[in-house]
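Asks: Quick one, model.tsv (TSV, C-alpha atoms (C1' of nucleotides)):
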```
chain	number	residue	atom	x	y	z
A	1	MET	CA	-16.39	-3.45	-0.54
A	2	TYR	CA	-17.42	-6.87	-1.68
A	3	GLY	CA	-16.24	-10.10	-3.12
A	4	GLU	CA	-13.95	-13.01	-2.58
A	5	TYR	CA	-10.33	-12.82	-3.70
A	6	GLU	CA	-7.66	-15.51	-3.69
A	7	HIS	CA	-4.01	-14.69	-3.16
A	8	THR	CA	-0.81	-16.25	-1.94
A	9	VAL	CA	1.48	-15.38	0.93
A	10	ASP	CA	5.08	-15.57	-0.25
A	11	ALA	CA	8.12	-16.71	1.69
A	12	LYS	CA	8.58	-13.21	3.11
A	13	GLY	CA	5.09	-13.07	4.59
A	14	ARG	CA	3.83	-10.68	1.97
A	15	MET	CA	0.44	-10.98	0.35
A	16	ASN	CA	-1.38	-8.99	-2.24
A	17	PHE	CA	-4.34	-7.01	-1.02
A	18	PRO	CA	-6.91	-6.96	-3.82
A	19	ALA	CA	-7.05	-3.78	-5.88
A	20	LYS	CA	-10.84	-3.56	-5.62
A	21	LEU	CA	-10.61	-3.47	-1.82
A	22	ARG	CA	-7.68	-1.08	-1.80
A	23	GLU	CA	-9.98	1.50	-3.38
A	24	GLU	CA	-12.09	1.31	-0.23
A	25	PHE	CA	-9.40	0.79	2.39
A	26	GLY	CA	-6.91	3.29	1.04
A	27	GLU	CA	-3.21	3.41	1.81
A	28	HIS	CA	-3.53	2.75	5.49
A	29	PHE	CA	-5.65	0.31	7.46
A	30	TYR	CA	-5.62	-2.08	10.40
A	31	ILE	CA	-5.60	-5.83	10.77
A	32	CYS	CA	-6.23	-7.84	13.90
A	33	LYS	CA	-7.54	-11.17	15.11
A	34	SER	CA	-11.19	-11.92	14.48
A	35	LEU	CA	-13.37	-12.26	17.56
A	36	THR	CA	-15.60	-14.86	15.97
A	37	GLU	CA	-13.47	-17.14	13.83
A	38	LYS	CA	-9.88	-18.16	13.32
A	39	CYS	CA	-9.36	-15.53	10.72
A	40	LEU	CA	-8.21	-11.92	10.54
A	41	THR	CA	-10.35	-8.80	10.39
A	42	VAL	CA	-9.36	-5.80	8.32
A	43	TYR	CA	-10.66	-2.42	9.47
A	44	THR	CA	-10.77	0.84	7.60
A	45	THR	CA	-9.31	3.79	9.47
A	46	GLU	CA	-12.87	4.94	10.23
A	47	SER	CA	-14.17	1.62	11.54
A	48	TRP	CA	-10.98	1.30	13.59
A	49	GLU	CA	-11.62	4.65	15.24
A	50	GLU	CA	-15.22	3.60	15.91
A	51	LEU	CA	-13.92	0.45	17.55
A	52	LYS	CA	-11.64	2.48	19.78
A	53	THR	CA	-14.34	4.92	20.84
A	54	SER	CA	-16.84	2.13	21.48
A	55	LEU	CA	-14.40	0.69	24.03
A	56	LYS	CA	-13.66	4.00	25.70
A	57	GLY	CA	-15.03	4.51	29.17
A	58	LYS	CA	-16.21	0.93	29.42
A	59	PRO	CA	-15.49	-0.90	32.67
A	60	SER	CA	-11.98	-2.28	32.42
A	61	LYS	CA	-13.11	-5.68	33.52
A	62	ILE	CA	-14.84	-6.11	30.16
A	63	ALA	CA	-12.84	-3.73	28.05
A	64	LEU	CA	-9.35	-4.85	28.97
A	65	PRO	CA	-9.56	-8.43	27.77
A	66	ILE	CA	-11.01	-7.21	24.49
A	67	GLU	CA	-8.36	-4.53	24.18
A	68	ARG	CA	-5.62	-7.04	24.84
A	69	PHE	CA	-7.06	-9.37	22.27
A	70	LEU	CA	-7.72	-6.82	19.54
A	71	PHE	CA	-5.17	-4.07	19.99
A	72	GLY	CA	-2.50	-6.38	21.29
A	73	SER	CA	-2.51	-8.31	18.09
A	74	ALA	CA	-3.19	-5.49	15.67
A	75	CYS	CA	-0.86	-4.44	12.94
A	76	GLU	CA	-1.01	-1.52	10.56
A	77	ALA	CA	-1.02	-2.36	6.90
A	78	GLU	CA	0.31	-0.09	4.17
A	79	PRO	CA	0.29	-1.54	0.69
A	80	ASP	CA	3.57	-1.14	-1.18
A	81	LYS	CA	3.79	-0.03	-4.80
A	82	GLN	CA	2.69	-3.48	-5.91
A	83	GLY	CA	-0.30	-3.50	-3.57
A	84	ARG	CA	1.15	-5.99	-1.13
A	85	ILE	CA	0.91	-5.91	2.62
A	86	ALA	CA	2.95	-7.61	5.30
A	87	ILE	CA	1.14	-9.59	7.95
A	88	ALA	CA	2.68	-9.98	11.39
A	89	PRO	CA	3.79	-13.52	12.24
A	90	ALA	CA	1.51	-13.66	15.30
A	91	LEU	CA	-1.50	-12.90	13.14
A	92	ARG	CA	-0.50	-15.43	10.53
A	93	ALA	CA	-0.13	-18.02	13.25
A	94	TYR	CA	-3.56	-17.21	14.73
A	95	ALA	CA	-5.33	-17.68	11.42
A	96	ASN	CA	-3.17	-20.63	10.31
A	97	ILE	CA	-2.12	-18.68	7.26
A	98	THR	CA	0.52	-20.54	5.34
A	99	GLY	CA	0.27	-20.31	1.59
A	100	GLU	CA	-3.07	-19.68	-0.05
A	101	VAL	CA	-5.35	-17.03	1.34
A	102	VAL	CA	-8.89	-15.81	0.72
A	103	VAL	CA	-9.82	-12.17	1.27
A	104	VAL	CA	-13.54	-11.60	1.87
A	105	GLY	CA	-14.97	-8.11	1.47
A	106	LEU	CA	-17.72	-7.21	3.99
A	107	VAL	CA	-18.74	-3.65	3.12
A	108	ASP	CA	-16.85	-1.64	5.77
A	109	ARG	CA	-14.54	-4.47	6.79
A	110	ALA	CA	-12.80	-7.44	5.27
A	111	GLU	CA	-11.62	-10.79	6.48
A	112	ILE	CA	-8.48	-12.71	5.63
A	113	TRP	CA	-8.79	-16.48	5.77
A	114	ASP	CA	-6.48	-19.35	5.18
A	115	LYS	CA	-7.94	-20.89	2.07
A	116	SER	CA	-8.59	-24.32	3.53
A	117	ALA	CA	-10.10	-22.79	6.68
A	118	TRP	CA	-12.43	-20.70	4.52
A	119	GLU	CA	-13.51	-23.74	2.54
A	120	GLU	CA	-14.11	-25.63	5.74
A	121	TYR	CA	-16.17	-22.74	7.10
A	122	THR	CA	-18.33	-22.40	4.01
A	123	ASN	CA	-18.86	-26.15	3.77
A	124	SER	CA	-19.80	-26.45	7.44
A	125	THR	CA	-22.34	-23.63	7.28
A	126	PRO	CA	-25.40	-25.05	5.52
A	127	LEU	CA	-27.31	-22.84	3.15
A	128	GLU	CA	-30.57	-23.61	4.95
A	129	ASP	CA	-29.19	-22.21	8.21
A	130	ILE	CA	-28.19	-18.96	6.56
A	131	ALA	CA	-31.49	-18.74	4.70
A	132	GLY	CA	-33.27	-19.30	8.01
A	133	MET	CA	-31.38	-16.51	9.75
A	134	ALA	CA	-32.05	-14.23	6.82
A	135	GLU	CA	-35.75	-14.97	7.06
A	136	GLU	CA	-35.70	-14.05	10.76
A	137	LEU	CA	-34.28	-10.69	9.80
A	138	GLY	CA	-36.88	-10.30	7.09
A	139	ILE	CA	-34.48	-10.41	4.17
B	1	MET	CA	-38.87	-6.10	-14.82
B	2	TYR	CA	-40.18	-9.32	-16.16
B	3	GLY	CA	-39.42	-12.17	-18.45
B	4	GLU	CA	-37.02	-14.93	-19.20
B	5	TYR	CA	-33.93	-14.33	-21.32
B	6	GLU	CA	-31.40	-16.82	-22.63
B	7	HIS	CA	-27.76	-15.90	-23.06
B	8	THR	CA	-24.33	-17.44	-23.19
B	9	VAL	CA	-21.27	-16.94	-21.03
B	10	ASP	CA	-18.17	-16.70	-23.22
B	11	ALA	CA	-14.67	-17.95	-22.52
B	12	LYS	CA	-13.82	-14.74	-20.64
B	13	GLY	CA	-16.70	-15.11	-18.21
B	14	ARG	CA	-18.74	-12.38	-19.83
B	15	MET	CA	-22.46	-12.57	-20.45
B	16	ASN	CA	-24.96	-10.25	-21.98
B	17	PHE	CA	-27.40	-8.70	-19.58
B	18	PRO	CA	-30.72	-8.28	-21.42
B	19	ALA	CA	-31.44	-4.79	-22.68
B	20	LYS	CA	-34.97	-4.84	-21.25
B	21	LEU	CA	-33.60	-5.44	-17.76
B	22	ARG	CA	-30.83	-2.90	-18.16
B	23	GLU	CA	-33.52	-0.23	-18.43
B	24	GLU	CA	-34.55	-1.14	-14.90
B	25	PHE	CA	-31.17	-1.92	-13.36
B	26	GLY	CA	-29.22	0.92	-14.91
B	27	GLU	CA	-25.48	1.09	-15.35
B	28	HIS	CA	-24.62	-0.22	-11.94
B	29	PHE	CA	-26.01	-3.09	-9.91
B	30	TYR	CA	-25.02	-5.99	-7.68
B	31	ILE	CA	-24.93	-9.74	-8.05
B	32	CYS	CA	-24.55	-12.31	-5.31
B	33	LYS	CA	-25.41	-15.86	-4.39
B	34	SER	CA	-29.05	-16.71	-3.90
B	35	LEU	CA	-30.06	-17.76	-0.39
B	36	THR	CA	-32.67	-20.19	-1.62
B	37	GLU	CA	-31.38	-21.89	-4.74
B	38	LYS	CA	-28.14	-22.56	-6.54
B	39	CYS	CA	-28.51	-19.49	-8.67
B	40	LEU	CA	-27.49	-15.83	-8.54
B	41	THR	CA	-29.56	-12.86	-7.44
B	42	VAL	CA	-29.28	-9.47	-9.09
B	43	TYR	CA	-30.07	-6.44	-6.93
B	44	THR	CA	-30.72	-2.89	-7.97
B	45	THR	CA	-28.66	-0.28	-6.18
B	46	GLU	CA	-31.70	0.60	-4.06
B	47	SER	CA	-32.53	-2.93	-2.96
B	48	TRP	CA	-28.84	-3.50	-2.26
B	49	GLU	CA	-28.73	-0.51	0.06
B	50	GLU	CA	-31.85	-1.77	1.79
B	51	LEU	CA	-30.13	-5.10	2.28
B	52	LYS	CA	-27.14	-3.41	3.87
B	53	THR	CA	-29.22	-1.31	6.24
B	54	SER	CA	-31.35	-4.29	7.26
B	55	LEU	CA	-28.19	-6.04	8.44
B	56	LYS	CA	-26.74	-3.06	10.27
B	57	GLY	CA	-26.71	-3.27	14.05
B	58	LYS	CA	-27.86	-6.87	14.10
B	59	PRO	CA	-26.08	-9.27	16.47
B	60	SER	CA	-23.00	-10.54	14.74
B	61	LYS	CA	-23.87	-14.16	15.42
B	62	ILE	CA	-26.73	-13.88	12.94
B	63	ALA	CA	-25.48	-11.08	10.76
B	64	LEU	CA	-21.94	-12.30	10.14
B	65	PRO	CA	-22.76	-15.58	8.42
B	66	ILE	CA	-25.23	-13.77	6.19
B	67	GLU	CA	-22.74	-11.01	5.45
B	68	ARG	CA	-20.07	-13.52	4.62
B	69	PHE	CA	-22.46	-15.35	2.35
B	70	LEU	CA	-23.97	-12.37	0.58
B	71	PHE	CA	-21.32	-9.65	0.61
B	72	GLY	CA	-18.42	-12.06	0.52
B	73	SER	CA	-19.65	-13.40	-2.76
B	74	ALA	CA	-21.01	-10.21	-4.22
B	75	CYS	CA	-19.70	-8.50	-7.28
B	76	GLU	CA	-20.58	-5.18	-8.80
B	77	ALA	CA	-21.81	-5.34	-12.35
B	78	GLU	CA	-21.36	-2.54	-14.83
B	79	PRO	CA	-22.46	-3.35	-18.35
B	80	ASP	CA	-19.90	-2.47	-21.01
B	81	LYS	CA	-20.75	-0.74	-24.27
B	82	GLN	CA	-22.14	-3.99	-25.60
B	83	GLY	CA	-24.32	-4.53	-22.54
B	84	ARG	CA	-22.22	-7.35	-21.13
B	85	ILE	CA	-21.32	-7.96	-17.52
B	86	ALA	CA	-18.51	-9.99	-15.98
B	87	ILE	CA	-19.41	-12.56	-13.36
B	88	ALA	CA	-16.86	-13.44	-10.70
B	89	PRO	CA	-15.51	-17.00	-10.85
B	90	ALA	CA	-16.75	-17.82	-7.33
B	91	LEU	CA	-20.29	-16.88	-8.36
B	92	ARG	CA	-20.12	-18.87	-11.56
B	93	ALA	CA	-18.91	-21.85	-9.59
B	94	TYR	CA	-21.73	-21.53	-7.05
B	95	ALA	CA	-24.46	-21.51	-9.67
B	96	ASN	CA	-22.75	-24.09	-11.91
B	97	ILE	CA	-22.70	-21.58	-14.71
B	98	THR	CA	-20.75	-22.88	-17.65
B	99	GLY	CA	-22.19	-21.99	-21.01
B	100	GLU	CA	-25.88	-21.29	-21.39
B	101	VAL	CA	-27.65	-19.06	-18.92
B	102	VAL	CA	-31.20	-17.96	-18.20
B	103	VAL	CA	-31.92	-14.53	-16.75
B	104	VAL	CA	-35.26	-14.30	-14.96
B	105	GLY	CA	-36.78	-10.90	-14.27
B	106	LEU	CA	-38.57	-10.61	-10.89
B	107	VAL	CA	-39.82	-7.02	-10.79
B	108	ASP	CA	-37.25	-5.39	-8.47
B	109	ARG	CA	-34.72	-8.22	-8.71
B	110	ALA	CA	-33.53	-10.75	-11.22
B	111	GLU	CA	-32.02	-14.20	-11.10
B	112	ILE	CA	-29.31	-15.75	-13.20
B	113	TRP	CA	-29.55	-19.51	-13.64
B	114	ASP	CA	-27.53	-22.10	-15.42
B	115	LYS	CA	-29.89	-23.16	-18.18
B	116	SER	CA	-30.03	-26.84	-17.25
B	117	ALA	CA	-30.49	-25.97	-13.55
B	118	TRP	CA	-33.37	-23.68	-14.50
B	119	GLU	CA	-35.02	-26.38	-16.56
B	120	GLU	CA	-34.60	-28.86	-13.75
B	121	TYR	CA	-36.11	-26.39	-11.31
B	122	THR	CA	-39.14	-25.63	-13.44
B	123	ASN	CA	-39.72	-29.31	-14.14
B	124	SER	CA	-39.37	-30.31	-10.50
B	125	THR	CA	-41.80	-27.67	-9.25
B	126	PRO	CA	-45.30	-28.95	-10.06
B	127	LEU	CA	-47.89	-26.45	-11.15
B	128	GLU	CA	-50.27	-27.68	-8.45
B	129	ASP	CA	-47.79	-26.70	-5.73
B	130	ILE	CA	-47.47	-23.20	-7.06
B	131	ALA	CA	-51.23	-22.92	-7.51
B	132	GLY	CA	-51.69	-24.09	-3.92
B	133	MET	CA	-49.28	-21.51	-2.57
B	134	ALA	CA	-50.99	-18.83	-4.63
B	135	GLU	CA	-54.33	-19.82	-3.18
B	136	GLU	CA	-52.94	-19.45	0.35
B	137	LEU	CA	-52.02	-15.90	-0.54
B	138	GLY	CA	-55.43	-15.31	-2.04
B	139	ILE	CA	-54.20	-14.78	-5.58
C	1	DA	C1'	-36.24	-4.22	-47.50
C	2	DT	C1'	-33.55	-1.22	-44.72
C	3	DG	C1'	-31.93	0.87	-40.79
C	4	DA	C1'	-31.41	0.62	-35.84
C	5	DT	C1'	-30.79	-1.87	-31.85
C	6	DT	C1'	-29.22	-6.02	-29.51
C	7	DG	C1'	-26.08	-9.83	-28.91
C	8	DT	C1'	-21.42	-12.35	-29.69
C	9	DG	C1'	-16.55	-12.94	-30.67
C	10	DG	C1'	-11.84	-11.48	-30.76
C	11	DG	C1'	-7.62	-8.47	-30.25
C	12	DG	C1'	-4.80	-5.03	-27.99
C	13	DA	C1'	-3.63	-1.91	-24.26
C	14	DA	C1'	-3.41	-1.19	-19.51
C	15	DA	C1'	-3.39	-2.64	-14.94
C	16	DA	C1'	-2.89	-6.10	-11.37
C	17	DG	C1'	-0.29	-9.79	-9.31
C	18	DT	C1'	4.03	-12.39	-8.33
C	19	DG	C1'	8.87	-13.33	-7.92
C	20	DG	C1'	13.37	-11.70	-7.40
C	21	DT	C1'	17.33	-8.45	-6.56
C	22	DG	C1'	19.78	-4.89	-4.25
C	23	DA	C1'	20.41	-1.19	-0.78
C	24	DG	C1'	20.07	0.30	3.88
C	25	DA	C1'	19.67	-0.68	8.65
C	26	DT	C1'	20.27	-3.49	12.64
C	27	DA	C1'	22.62	-6.81	15.16
C	28	DA	C1'	26.57	-9.76	16.14
C	29	DT	C1'	31.26	-11.17	16.37
C	30	DT	C1'	36.02	-10.41	16.58
D	1	DA	C1'	35.19	0.18	17.15
D	2	DA	C1'	35.21	-2.01	12.74
D	3	DT	C1'	33.83	-5.59	9.83
D	4	DT	C1'	30.68	-9.01	8.70
D	5	DA	C1'	26.33	-11.24	8.66
D	6	DT	C1'	21.44	-11.08	8.68
D	7	DC	C1'	17.17	-9.08	8.22
D	8	DT	C1'	13.93	-5.90	6.42
D	9	DC	C1'	12.21	-2.94	3.12
D	10	DA	C1'	11.68	-0.67	-1.27
D	11	DC	C1'	12.22	-0.97	-6.00
D	12	DC	C1'	12.41	-3.35	-10.51
D	13	DA	C1'	10.87	-6.50	-14.07
D	14	DC	C1'	8.19	-10.20	-15.87
D	15	DT	C1'	3.80	-12.68	-16.29
D	16	DT	C1'	-0.93	-12.95	-16.13
D	17	DT	C1'	-5.34	-11.20	-16.04
D	18	DT	C1'	-8.68	-7.77	-16.79
D	19	DC	C1'	-10.80	-4.27	-19.21
D	20	DC	C1'	-11.98	-1.63	-23.23
D	21	DC	C1'	-12.69	-1.05	-27.90
D	22	DC	C1'	-13.74	-2.57	-32.65
D	23	DA	C1'	-16.03	-5.49	-35.94
D	24	DC	C1'	-19.44	-8.72	-37.31
D	25	DA	C1'	-23.96	-11.36	-36.80
D	26	DA	C1'	-28.71	-11.53	-35.60
D	27	DT	C1'	-33.01	-9.69	-34.45
D	28	DC	C1'	-36.57	-6.24	-34.36
D	29	DA	C1'	-39.15	-2.30	-36.05
D	30	DT	C1'	-40.50	0.79	-39.40
```
Before anything else, please render the file you have as structure tokens.
Replies:
Amino acid sequence: MYGEYEHTVDAKGRMNFPAKLREEFGEHFYICKSLTEKCLTVYTTESWEELKTSLKGKPSKIALPIERFLFGSACEAEPDKQGRIAIAPALRAYANITGEVVVVGLVDRAEIWDKSAWEEYTNSTPLEDIAGMAEELGI
Amino acid sequence: MYGEYEHTVDAKGRMNFPAKLREEFGEHFYICKSLTEKCLTVYTTESWEELKTSLKGKPSKIALPIERFLFGSACEAEPDKQGRIAIAPALRAYANITGEVVVVGLVDRAEIWDKSAWEEYTNSTPLEDIAGMAEELGI
DNA sequence: ATGATTGTGGGGAAAAGTGGTGAGATAATT
DNA sequence: AATTATCTCACCACTTTTCCCCACAATCAT
């Protein structure tokens, strides 16, 4: 689903996963390091399976490093009764997640950013650049 | 649909969505940041789906920034019994929406502007420029 | 003028989010 | 092996926010 949601990670490493996104992601989903930015990617069960199958049968020279990176870091997330999930320390460290967090909904995926990293990203990506790319795609 | 409609955003972040436009947009539509100006774009369900499909399968280097910009900011709008919609804080912040708002109908889309931003835009866009562009298109 | 439709404000119920406490399990120390 | 300490997890309770409904004001059409 869509939208930008701010939450906090408490002392126990728990963070709320927004209710709007829980409707899409259900009671069981996967989190791992993002390949593109210092943030975390949240996969639905379906998109996770797609990811696995798209790596199957690929030459190990390419597939293995990706598998190590993605699967090696992955953790399963199951919201508790309050809608909170626990994020593995290694993942928190990768994305520099300390206190405040931004969850970004991207249709079939989501991203979890440290708030200051997200602000830095949005500020350092000029609107004109994005508009230009969109034009290339005919949007 | 067409036309320019003035409304106010109340203390709870709600604003009326004009009845004339509701006929076109129905009970369910999408709002996100505009790629071209500091305003918000309203998509019908159909144009929103088109947007999603036009991004599918594109290289992530181009698609991801756009997805983060558009989907990350998007919110679903469902008018209540009074015809009002809620606009997410991040969207209000982007378009500098505080009190008075102008909704501009653009056939299959609409735009939501802060009133003063809209006035500034219309004043800073000389008629001759628009007429020139129209001529280029043979209108 | 009168009724219907549209737009605005406010209050209350329900849900979402956050912090804290206690029980069970695991590990450690004697 | 038993007791203690620590850690993790699930549950509970409070606070805040969101959503939904009702009532009033304004505008439009007949």
Asks: Separation of atom CA of A:Tyr94 and atom CA of A:Lys20, in Å?
Replies: 25.6 Å
Asks: Please measure the separation of atom CA of A:Ile87 and atom CA of A:Val104, giving the value in Å to one decimal.
Replies: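 Separation between atom CA of A:Ile87 and atom CA of A:Val104: 16.0 Å.
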Asks: Counting all atoms listed in the file, note down every residue that has an atom within 12 Å of the point (-4.8, -0.2, -11.9) (file coordinates), as number ranges by chain.
Replies: A: 18-20, 22-23, 81-83; C: 14-17; D: 17-19
Asks: For the atom pair atom CA of A:Lys56 and atom CA of A:Arg68, what is the interatomic distance in Å to one decimal place?
Replies: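 Taking atom CA of A:Lys56 and atom CA of A:Arg68, their separation equals 13.7 Å.
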Asks: Could you list, as a list of chain:residue names, every residue within 9 Å of stretch 7-11 of chain C, counting all atoms listed in the file and ignoring same-chain residues fewer than 3 positions away?
Replies: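 Final neighbour list, sorted by chain and number: B:His7, B:Thr8, B:Asp10, B:Asn16, B:Pro18, B:Gln82, B:Gly83, D:DC22, D:DA23, D:DC24, D:DA25, D:DA26, D:DT27.
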Asks: May I have the residues of chain D within 12 Å of chain A, counting only C-alpha atoms (C1' of nucleotides), written as a PyMOL selection string?
Replies: chain D and resi 7-13+18
Asks: Check the smallest atom-to-atom distance from each of A:Glu120, A:Glu67, A:Glu76, A:Glu6 to chain C using all atoms listed in the file, then report the winner.
Replies: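 Ranking A:Glu120, A:Glu67, A:Glu76, A:Glu6 by distance to chain C, first place goes to A:Glu6.
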Asks: Considering only C-alpha atoms, can you say which of B:Leu35, B:Ala74, B:Phe69, B:Ala131 comes closest to A:Tyr2?
Replies: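 The shortest atom-to-atom distance to A:Tyr2 comes from B:Ala74.
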